[in-house]
>>> print(open('data_0.cif').read())   # mmCIF, C-alpha atoms
data_data
loop_
_atom_site.group_PDB
_atom_site.id
_atom_site.type_symbol
_atom_site.label_atom_id
_atom_site.label_comp_id
_atom_site.auth_asym_id
_atom_site.auth_seq_id
_atom_site.Cartn_x
_atom_site.Cartn_y
_atom_site.Cartn_z
ATOM 1 C CA MET C 182 -22.444 103.832 -93.212
ATOM 2 C CA ARG C 183 -23.650 100.347 -92.491
ATOM 3 C CA ARG C 184 -21.907 97.051 -92.411
ATOM 4 C CA TYR C 185 -23.435 94.333 -94.522
ATOM 5 C CA GLU C 186 -22.678 90.751 -95.294
ATOM 6 C CA THR C 187 -23.702 89.223 -98.592
ATOM 7 C CA ILE C 188 -23.493 85.539 -99.324
ATOM 8 C CA PHE C 189 -24.017 84.512 -102.897
ATOM 9 C CA ILE C 190 -23.953 81.154 -104.575
ATOM 10 C CA ALA C 191 -22.200 81.149 -107.924
ATOM 11 C CA ASP C 192 -22.570 78.500 -110.591
ATOM 12 C CA PRO C 193 -20.309 75.579 -109.611
ATOM 13 C CA ASP C 194 -19.636 74.587 -113.234
ATOM 14 C CA LEU C 195 -17.885 77.843 -114.170
ATOM 15 C CA GLN C 196 -14.342 77.778 -115.492
ATOM 16 C CA GLU C 197 -11.636 79.199 -113.261
ATOM 17 C CA ASP C 198 -11.118 82.415 -115.223
ATOM 18 C CA ALA C 199 -14.833 82.962 -115.785
ATOM 19 C CA ARG C 200 -15.329 82.726 -112.052
ATOM 20 C CA LYS C 201 -12.503 85.146 -111.432
ATOM 21 C CA ASN C 202 -14.097 87.607 -113.856
ATOM 22 C CA LEU C 203 -17.387 87.278 -112.058
ATOM 23 C CA PHE C 204 -15.822 87.993 -108.669
ATOM 24 C CA ASP C 205 -13.841 90.925 -110.011
ATOM 25 C CA LYS C 206 -17.006 92.374 -111.475
ATOM 26 C CA TYR C 207 -18.680 92.509 -108.090
ATOM 27 C CA LYS C 208 -15.563 93.745 -106.339
ATOM 28 C CA ASN C 209 -15.360 96.598 -108.832
ATOM 29 C CA LEU C 210 -19.028 97.315 -108.437
ATOM 30 C CA LEU C 211 -18.553 97.653 -104.698
ATOM 31 C CA VAL C 212 -15.783 100.172 -105.150
ATOM 32 C CA GLN C 213 -17.752 102.050 -107.793
ATOM 33 C CA GLU C 214 -20.686 102.505 -105.458
ATOM 34 C CA LYS C 215 -18.371 103.829 -102.725
ATOM 35 C CA GLY C 216 -18.433 100.704 -100.649
ATOM 36 C CA ILE C 217 -15.552 99.432 -98.549
ATOM 37 C CA LEU C 218 -14.800 95.770 -99.017
ATOM 38 C CA ILE C 219 -13.704 94.329 -95.677
ATOM 39 C CA ASP C 220 -13.531 90.665 -96.473
ATOM 40 C CA PHE C 221 -13.990 88.546 -99.554
ATOM 41 C CA ASP C 222 -14.285 84.975 -98.433
ATOM 42 C CA ASP C 223 -14.360 82.241 -101.042
ATOM 43 C CA TRP C 224 -15.795 79.116 -99.467
ATOM 44 C CA GLY C 225 -15.548 77.038 -102.603
ATOM 45 C CA ASN C 226 -17.845 74.297 -103.789
ATOM 46 C CA ARG C 227 -20.285 73.078 -101.201
ATOM 47 C CA LYS C 228 -23.242 70.794 -101.155
ATOM 48 C CA LEU C 229 -26.582 72.565 -101.086
ATOM 49 C CA ALA C 230 -29.319 71.584 -98.662
ATOM 50 C CA TYR C 231 -31.763 71.584 -101.569
ATOM 51 C CA PRO C 232 -31.240 71.797 -105.319
ATOM 52 C CA ILE C 233 -31.120 75.274 -106.851
ATOM 53 C CA LYS C 234 -31.561 75.504 -110.618
ATOM 54 C CA LYS C 235 -31.362 71.722 -110.634
ATOM 55 C CA LYS C 236 -27.868 71.790 -109.211
ATOM 56 C CA ALA C 237 -26.887 69.952 -106.058
ATOM 57 C CA ARG C 238 -23.698 71.936 -105.470
ATOM 58 C CA GLY C 239 -22.864 75.597 -105.348
ATOM 59 C CA HIS C 240 -19.852 77.878 -105.113
ATOM 60 C CA TYR C 241 -20.306 79.954 -101.965
ATOM 61 C CA VAL C 242 -18.796 83.393 -101.572
ATOM 62 C CA CYS C 243 -19.181 85.579 -98.514
ATOM 63 C CA MET C 244 -18.504 89.310 -98.786
ATOM 64 C CA THR C 245 -18.387 91.633 -95.816
ATOM 65 C CA TYR C 246 -18.445 95.306 -96.631
ATOM 66 C CA GLY C 247 -19.406 98.753 -95.496
ATOM 67 C CA GLY C 248 -21.842 100.733 -97.562
ATOM 68 C CA THR C 249 -25.258 102.283 -97.868
ATOM 69 C CA GLY C 250 -28.621 100.930 -98.887
ATOM 70 C CA VAL C 251 -28.075 102.205 -102.415
ATOM 71 C CA LEU C 252 -25.090 99.928 -102.777
ATOM 72 C CA VAL C 253 -27.081 96.914 -101.618
ATOM 73 C CA THR C 254 -29.929 97.508 -104.039
ATOM 74 C CA GLU C 255 -27.485 97.986 -106.885
ATOM 75 C CA LEU C 256 -25.584 94.839 -105.965
ATOM 76 C CA GLU C 257 -28.755 92.778 -105.687
ATOM 77 C CA ARG C 258 -30.063 94.133 -108.966
ATOM 78 C CA ASN C 259 -26.902 92.877 -110.637
ATOM 79 C CA PHE C 260 -27.174 89.508 -108.920
ATOM 80 C CA ARG C 261 -30.688 89.117 -110.274
ATOM 81 C CA LEU C 262 -29.593 89.902 -113.811
ATOM 82 C CA ASP C 263 -26.618 87.598 -113.676
ATOM 83 C CA ASP C 264 -27.489 83.974 -114.353
ATOM 84 C CA LYS C 265 -24.087 82.839 -113.069
ATOM 85 C CA VAL C 266 -25.311 83.715 -109.596
ATOM 86 C CA MET C 267 -27.839 81.180 -108.414
ATOM 87 C CA LYS C 268 -28.838 82.714 -105.105
ATOM 88 C CA PHE C 269 -27.858 85.499 -102.751
ATOM 89 C CA MET C 270 -28.671 86.884 -99.337
ATOM 90 C CA THR C 271 -27.690 90.116 -97.628
ATOM 91 C CA VAL C 272 -27.663 90.509 -93.875
ATOM 92 C CA LEU C 273 -27.237 93.752 -91.964
ATOM 93 C CA LEU C 274 -24.502 93.349 -89.368
ATOM 94 C CA GLU C 275 -24.085 96.809 -87.959
ATOM 95 C CA LYS C 276 -26.193 99.898 -88.313
ATOM 96 C CA ASP C 277 -23.714 102.643 -87.720
ATOM 97 C CA VAL C 278 -20.024 102.417 -88.578
ATOM 98 C CA THR C 279 -17.543 105.022 -89.732
ATOM 99 C CA ALA C 280 -15.412 104.576 -92.826
ATOM 100 C CA SER C 281 -12.213 105.218 -90.862
ATOM 101 C CA ALA C 282 -13.027 102.484 -88.362
ATOM 102 C CA LEU C 283 -13.552 100.024 -91.193
ATOM 103 C CA GLU C 284 -10.274 100.996 -92.797
ATOM 104 C CA ALA C 285 -8.459 100.498 -89.497
ATOM 105 C CA GLU C 286 -10.011 97.059 -89.299
ATOM 106 C CA ILE C 287 -8.831 96.150 -92.765
ATOM 107 C CA ALA C 288 -5.320 97.300 -91.929
ATOM 108 C CA ALA C 289 -5.320 95.230 -88.752
ATOM 109 C CA ALA C 290 -6.509 92.161 -90.633
ATOM 110 C CA ALA C 291 -3.803 92.612 -93.256
ATOM 111 C CA GLN C 292 -1.165 92.989 -90.583
ATOM 112 C CA GLN C 293 -2.341 89.850 -88.863
ATOM 113 C CA GLU C 294 -2.188 87.957 -92.126
ATOM 114 C CA GLU C 295 1.326 89.194 -92.741
ATOM 115 C CA ALA C 296 2.526 88.166 -89.317
ATOM 116 C CA LYS C 297 0.982 84.755 -89.762
ATOM 117 C CA GLU C 298 2.813 84.280 -93.029
ATOM 118 C CA ALA C 299 6.041 85.444 -91.466
ATOM 119 C CA THR C 300 5.828 82.939 -88.634
ATOM 120 C CA ALA C 301 4.893 80.177 -91.049
ATOM 121 C CA ALA C 302 7.932 80.995 -93.158
ATOM 122 C CA ALA C 303 10.248 81.270 -90.177
ATOM 123 C CA GLN C 304 9.200 78.036 -88.532
ATOM 124 C CA PRO C 305 10.840 75.466 -90.801
ATOM 125 C CA GLU C 306 14.189 77.235 -90.701
ATOM 126 C CA GLU C 307 14.554 77.180 -86.940
ATOM 127 C CA VAL C 308 15.452 74.266 -84.738
ATOM 128 C CA LYS C 309 12.465 72.419 -83.309
ATOM 129 C CA GLU C 310 13.158 73.467 -79.748
ATOM 130 C CA ALA C 311 13.331 77.160 -80.499
ATOM 131 C CA ALA C 312 10.395 77.255 -82.866
ATOM 132 C CA PRO C 313 7.433 77.002 -80.454
ATOM 133 C CA ALA C 314 8.665 79.817 -78.248
ATOM 134 C CA ALA C 315 9.269 82.093 -81.210
ATOM 135 C CA THR C 316 5.834 81.517 -82.677
ATOM 136 C CA ASP C 317 4.182 82.080 -79.318
ATOM 137 C CA GLU C 318 5.829 85.445 -79.024
ATOM 138 C CA ALA C 319 4.861 86.426 -82.516
ATOM 139 C CA ALA C 320 1.271 85.354 -81.962
ATOM 140 C CA ASP C 321 1.066 87.493 -78.849
ATOM 141 C CA GLU C 322 2.293 90.480 -80.760
ATOM 142 C CA VAL C 323 -0.269 89.946 -83.439
ATOM 143 C CA THR C 324 -3.212 89.932 -81.075
ATOM 144 C CA GLU C 325 -1.927 93.007 -79.321
ATOM 145 C CA VAL C 326 -1.591 94.899 -82.554
ATOM 146 C CA ALA C 327 -5.054 93.892 -83.660
ATOM 147 C CA GLU C 328 -6.597 95.049 -80.439
ATOM 148 C CA ALA C 329 -4.808 98.342 -80.513
ATOM 149 C CA ASP C 330 -5.820 99.073 -84.071
ATOM 150 C CA THR C 331 -9.533 98.385 -83.835
ATOM 151 C CA PRO C 332 -11.308 100.747 -81.478
ATOM 152 C CA GLU C 333 -13.360 98.977 -78.851
ATOM 153 C CA GLU C 334 -16.602 100.560 -79.890
ATOM 154 C CA THR C 335 -16.534 98.767 -83.222
ATOM 155 C CA LYS C 336 -15.684 95.447 -81.631
ATOM 156 C CA ALA C 337 -18.368 95.348 -78.999
ATOM 157 C CA PRO C 338 -21.488 96.033 -81.099
ATOM 158 C CA GLU C 339 -20.363 93.580 -83.749
ATOM 159 C CA THR C 340 -21.377 90.531 -81.807
ATOM 160 C CA LYS C 341 -24.571 92.146 -80.645
ATOM 161 C CA THR C 342 -25.760 93.151 -84.069
ATOM 162 C CA ALA C 343 -24.748 89.871 -85.617
ATOM 163 C CA GLU C 344 -27.304 88.207 -83.427
ATOM 164 C CA ALA C 345 -29.921 90.786 -84.199
ATOM 165 C CA ALA C 346 -29.154 90.658 -87.887
ATOM 166 C CA GLN C 347 -32.227 90.850 -89.995
ATOM 167 C CA GLU C 348 -33.096 88.859 -92.985
ATOM 168 C CA GLU C 349 -33.304 90.980 -96.074
ATOM 169 C CA ASN C 350 -35.860 89.101 -98.083
ATOM 170 C CA MET K 109 -58.555 53.896 -57.082
ATOM 171 C CA ALA K 110 -58.255 55.041 -60.612
ATOM 172 C CA PHE K 111 -57.922 58.611 -59.500
ATOM 173 C CA GLN K 112 -55.078 57.748 -57.183
ATOM 174 C CA LYS K 113 -53.222 55.919 -59.862
ATOM 175 C CA LYS K 114 -53.426 58.926 -62.141
ATOM 176 C CA ASN K 115 -52.143 61.158 -59.394
ATOM 177 C CA THR K 116 -49.047 59.097 -58.786
ATOM 178 C CA LYS K 117 -48.297 59.122 -62.460
ATOM 179 C CA LYS K 118 -48.422 62.893 -62.531
ATOM 180 C CA ARG K 119 -45.854 63.077 -59.777
ATOM 181 C CA PHE K 120 -43.251 61.832 -62.199
ATOM 182 C CA PHE K 121 -40.377 64.207 -61.905
ATOM 183 C CA GLN K 122 -38.831 65.542 -65.033
ATOM 184 C CA ARG K 123 -35.310 66.898 -65.062
ATOM 185 C CA ARG K 124 -35.343 70.604 -65.650
ATOM 186 C CA LYS K 125 -33.949 71.540 -69.043
ATOM 187 C CA VAL K 126 -31.626 74.490 -69.271
ATOM 188 C CA CYS K 127 -31.056 76.760 -72.201
ATOM 189 C CA ARG K 128 -27.902 75.674 -73.949
ATOM 190 C CA PHE K 129 -26.972 79.201 -74.918
ATOM 191 C CA CYS K 130 -27.501 80.613 -71.434
ATOM 192 C CA ALA K 131 -25.453 77.855 -69.843
ATOM 193 C CA ASP K 132 -22.532 78.416 -72.198
ATOM 194 C CA SER K 133 -22.100 82.046 -73.163
ATOM 195 C CA THR K 134 -19.352 81.208 -75.639
ATOM 196 C CA LEU K 135 -21.907 79.500 -77.869
ATOM 197 C CA GLU K 136 -23.037 81.827 -80.567
ATOM 198 C CA ILE K 137 -26.083 81.607 -82.774
ATOM 199 C CA ASN K 138 -24.969 82.196 -86.322
ATOM 200 C CA TYR K 139 -26.813 81.247 -89.480
ATOM 201 C CA LYS K 140 -23.521 80.311 -91.174
ATOM 202 C CA ASP K 141 -22.849 77.528 -88.709
ATOM 203 C CA ALA K 142 -25.334 74.985 -89.996
ATOM 204 C CA LYS K 143 -23.836 72.202 -87.912
ATOM 205 C CA ALA K 144 -24.624 74.024 -84.686
ATOM 206 C CA LEU K 145 -28.221 74.611 -85.789
ATOM 207 C CA ARG K 146 -28.850 70.973 -86.689
ATOM 208 C CA PRO K 147 -29.851 69.846 -83.187
ATOM 209 C CA PHE K 148 -32.677 72.392 -83.246
ATOM 210 C CA ILE K 149 -34.450 71.130 -86.329
ATOM 211 C CA THR K 150 -36.172 67.839 -86.922
ATOM 212 C CA GLU K 151 -35.297 65.347 -89.584
ATOM 213 C CA ARG K 152 -38.093 66.886 -91.607
ATOM 214 C CA GLY K 153 -36.400 70.263 -91.289
ATOM 215 C CA LYS K 154 -38.907 71.796 -88.893
ATOM 216 C CA ILE K 155 -37.819 74.042 -86.027
ATOM 217 C CA ILE K 156 -38.150 72.175 -82.745
ATOM 218 C CA PRO K 157 -40.286 74.011 -80.158
ATOM 219 C CA ARG K 158 -38.529 75.259 -77.099
ATOM 220 C CA ARG K 159 -40.653 73.209 -74.748
ATOM 221 C CA ILE K 160 -38.731 70.245 -76.086
ATOM 222 C CA THR K 161 -35.240 71.649 -76.458
ATOM 223 C CA GLY K 162 -35.424 73.785 -73.313
ATOM 224 C CA THR K 163 -34.052 76.887 -75.017
ATOM 225 C CA CYS K 164 -35.062 80.154 -73.376
ATOM 226 C CA ALA K 165 -37.386 82.568 -75.166
ATOM 227 C CA LYS K 166 -34.676 85.073 -75.995
ATOM 228 C CA HIS K 167 -32.425 82.525 -77.615
ATOM 229 C CA GLN K 168 -35.244 80.653 -79.323
ATOM 230 C CA ARG K 169 -36.140 83.857 -81.172
ATOM 231 C CA LYS K 170 -32.591 84.284 -82.370
ATOM 232 C CA LEU K 171 -32.370 80.629 -83.217
ATOM 233 C CA ALA K 172 -35.522 80.794 -85.333
ATOM 234 C CA VAL K 173 -34.178 83.758 -87.294
ATOM 235 C CA ALA K 174 -30.840 82.033 -87.817
ATOM 236 C CA ILE K 175 -32.493 78.836 -89.038
ATOM 237 C CA LYS K 176 -34.656 80.758 -91.476
ATOM 238 C CA GLN K 177 -31.632 82.615 -92.817
ATOM 239 C CA ALA K 178 -29.730 79.372 -93.169
ATOM 240 C CA ARG K 179 -32.637 77.948 -95.156
ATOM 241 C CA THR K 180 -32.651 80.917 -97.497
ATOM 242 C CA ILE K 181 -29.054 80.361 -98.492
ATOM 243 C CA ALA K 182 -29.355 76.547 -98.670
ATOM 244 C CA PHE K 183 -27.338 75.647 -95.572
ATOM 245 C CA LEU K 184 -30.382 73.952 -94.126
ATOM 246 C CA PRO K 185 -33.294 72.336 -95.954
ATOM 247 C CA TYR K 186 -36.812 73.739 -96.029
ATOM 248 C CA VAL K 187 -38.091 70.184 -96.193
ATOM 249 C CA GLY K 188 -35.869 67.371 -95.083
ATOM 250 C CA LYS K 189 -36.311 63.962 -96.543
ATOM 251 C CA LEU K 190 -37.383 61.032 -94.432
ATOM 252 C CA SER K 191 -34.426 58.739 -94.277
#
>>> encode(input="data_0.cif", output="structure tokens")
Amino acid sequence: MRRYETIFIADPDLQEDARKNLFDKYKNLLVQEKGILIDFDDWGNRKLAYPIKKKARGHYVCMTYGGTGVLVTELERNFRLDDKVMKFMTVLLEKDVTASALEAEIAAAAQQEEAKEATAAAQPEEVKEAAPAATDEAADEVTEVAEADTPEETKAPETKTAEAAQEEN
Amino acid sequence: MAFQKKNTKKRFFQRRKVCRFCADSTLEINYKDAKALRPFITERGKIIPRRITGTCAKHQRKLAVAIKQARTIAFLPYVGKLS
């Protein structure tokens, strides 16, 4: 299995629910084609460096996922058909990953998120003096957990392959 | 006379440029970080040669790929406008 990253630019003038439908469609497609969605990052409306379809702004979304080449071709085919997607680009991040390693990574990320929320919720309740120490401790725990959960072999090549990432088109 | 003059001019010492990415290993070349790539393109949007920026060959290659990827997804312009 390979790790890919796809950035696509959705139409900025879409209504909120139409946009949600669009995103759900691609999330479902990923699952259908036996891909593992690692991260779905919505960057929101951003200014484009040059106009695309006569629009100066675009709604950027960055998906990181594990899958095979079949999944990528299917995803890109759908992007081409969909006129709500203005542009897309897929980059290969890692050539050889196992599904279990990816799942461990997702779990670690979720745990980190949870801990972050917990500390954010706990902070206002405590007295100001006690708060910084408590959050520091919690933060330490979080990083330790994350490191323990993701095997080192997946962490190390990530940075290497990101640099060597190839352009798809 | 003229020859001598030319010679002295050539002696002009230029400060050696160092590769920014070699000097600071925490710097990463990533096509998503358009702000970090900006110093390596001209106002017109062209990639600046490494003889000017001082980037080493290894990092210039990666930089060029990153800039081209950033252009594809509209983080950087193909043609900048003259301001």
>>> resolve_selection(input="data_0.cif", expression="the PyMOL selection byres ((chain K and resi 188) around 12)", output="count of residues only")
20
>>> closest_residue(input="data_0.cif", among="C:Leu283, C:Met182, C:Leu210, C:Ile188", to="Met267 (chain C)", atoms="only C-alpha atoms")
C:Ile188
>>> residues_around(input="data_0.cif", residues="Cys130 (chain K)", least_positions_apart="2", cutoff="12 Å", atoms="all atoms listed in the file", output="mmCIF file with C-alpha atoms, in the coordinates of the input")
data_model
loop_
_atom_site.group_PDB
_atom_site.id
_atom_site.type_symbol
_atom_site.label_atom_id
_atom_site.label_comp_id
_atom_site.auth_asym_id
_atom_site.auth_seq_id
_atom_site.Cartn_x
_atom_site.Cartn_y
_atom_site.Cartn_z
ATOM 1 C CA LYS K 125 -33.949 71.540 -69.043
ATOM 2 C CA VAL K 126 -31.626 74.490 -69.271
ATOM 3 C CA CYS K 127 -31.056 76.760 -72.201
ATOM 4 C CA ARG K 128 -27.902 75.674 -73.949
ATOM 5 C CA ASP K 132 -22.532 78.416 -72.198
ATOM 6 C CA SER K 133 -22.100 82.046 -73.163
ATOM 7 C CA THR K 134 -19.352 81.208 -75.639
ATOM 8 C CA LEU K 135 -21.907 79.500 -77.869
ATOM 9 C CA GLU K 136 -23.037 81.827 -80.567
ATOM 10 C CA ILE K 137 -26.083 81.607 -82.774
ATOM 11 C CA GLY K 162 -35.424 73.785 -73.313
ATOM 12 C CA THR K 163 -34.052 76.887 -75.017
ATOM 13 C CA CYS K 164 -35.062 80.154 -73.376
ATOM 14 C CA ALA K 165 -37.386 82.568 -75.166
ATOM 15 C CA LYS K 166 -34.676 85.073 -75.995
ATOM 16 C CA HIS K 167 -32.425 82.525 -77.615
ATOM 17 C CA GLN K 168 -35.244 80.653 -79.323
#
>>> atom_distance(input="data_0.cif", atom1="CA of Arg158 (chain K)", atom2="CA of Thr187 (chain C)")
29.6 Å
>>> closest_residue(input="data_0.cif", among="K:Phe121, K:Ala131, K:Gln177, K:Thr161", to="chain C", atoms="all atoms listed in the file")
K:Gln177
>>> resolve_selection(input="data_0.cif", expression="the PyMOL selection byres ((chain C and resi 189-198) around 8)", output="PyMOL selection string")
(chain C and resi 187-188+199-202+226+238-243+265-270) or (chain K and resi 181)
>>> atom_distance(input="data_0.cif", atom1="CA of Arg183 (chain C)", atom2="CA of Lys208 (chain C)")
17.3 Å
>>> resolve_selection(input="data_0.cif", expression="the PyMOL selection byres ((chain K and resi 142) around 9)", output="CSV table (one decimal) with C-alpha atoms, keeping the file's coordinate frame")
chain,number,residue,atom,x,y,z
K,138,ASN,CA,-25.0,82.2,-86.3
K,139,TYR,CA,-26.8,81.2,-89.5
K,140,LYS,CA,-23.5,80.3,-91.2
K,141,ASP,CA,-22.8,77.5,-88.7
K,143,LYS,CA,-23.8,72.2,-87.9
K,144,ALA,CA,-24.6,74.0,-84.7
K,145,LEU,CA,-28.2,74.6,-85.8
K,146,ARG,CA,-28.8,71.0,-86.7
K,175,ILE,CA,-32.5,78.8,-89.0
K,178,ALA,CA,-29.7,79.4,-93.2
K,183,PHE,CA,-27.3,75.6,-95.6
K,184,LEU,CA,-30.4,74.0,-94.1
>>> closest_residue(input="data_0.cif", among="K:Pro147, K:Ala174, K:Arg124, K:Ile156", to="chain C", atoms="only C-alpha atoms")
K:Ala174
>>> closest_residue(input="data_0.cif", among="K:Gln122, K:Lys176, K:Phe148, K:Arg159", to="chain C", atoms="only C-alpha atoms")
K:Lys176
>>> atom_distance(input="data_0.cif", atom1="CA of Val253 (chain C)", atom2="CA of Asp222 (chain C)")
17.8 Å
>>> closest_residue(input="data_0.cif", among="C:Leu256, C:Val272, C:Thr279, C:Ala291", to="chain K", atoms="only C-alpha atoms")
C:Val272
>>> closest_residue(input="data_0.cif", among="C:Asp220, C:Glu275, C:Glu295, C:Glu284", to="Thr245 (chain C)", atoms="only C-alpha atoms")
C:Asp220
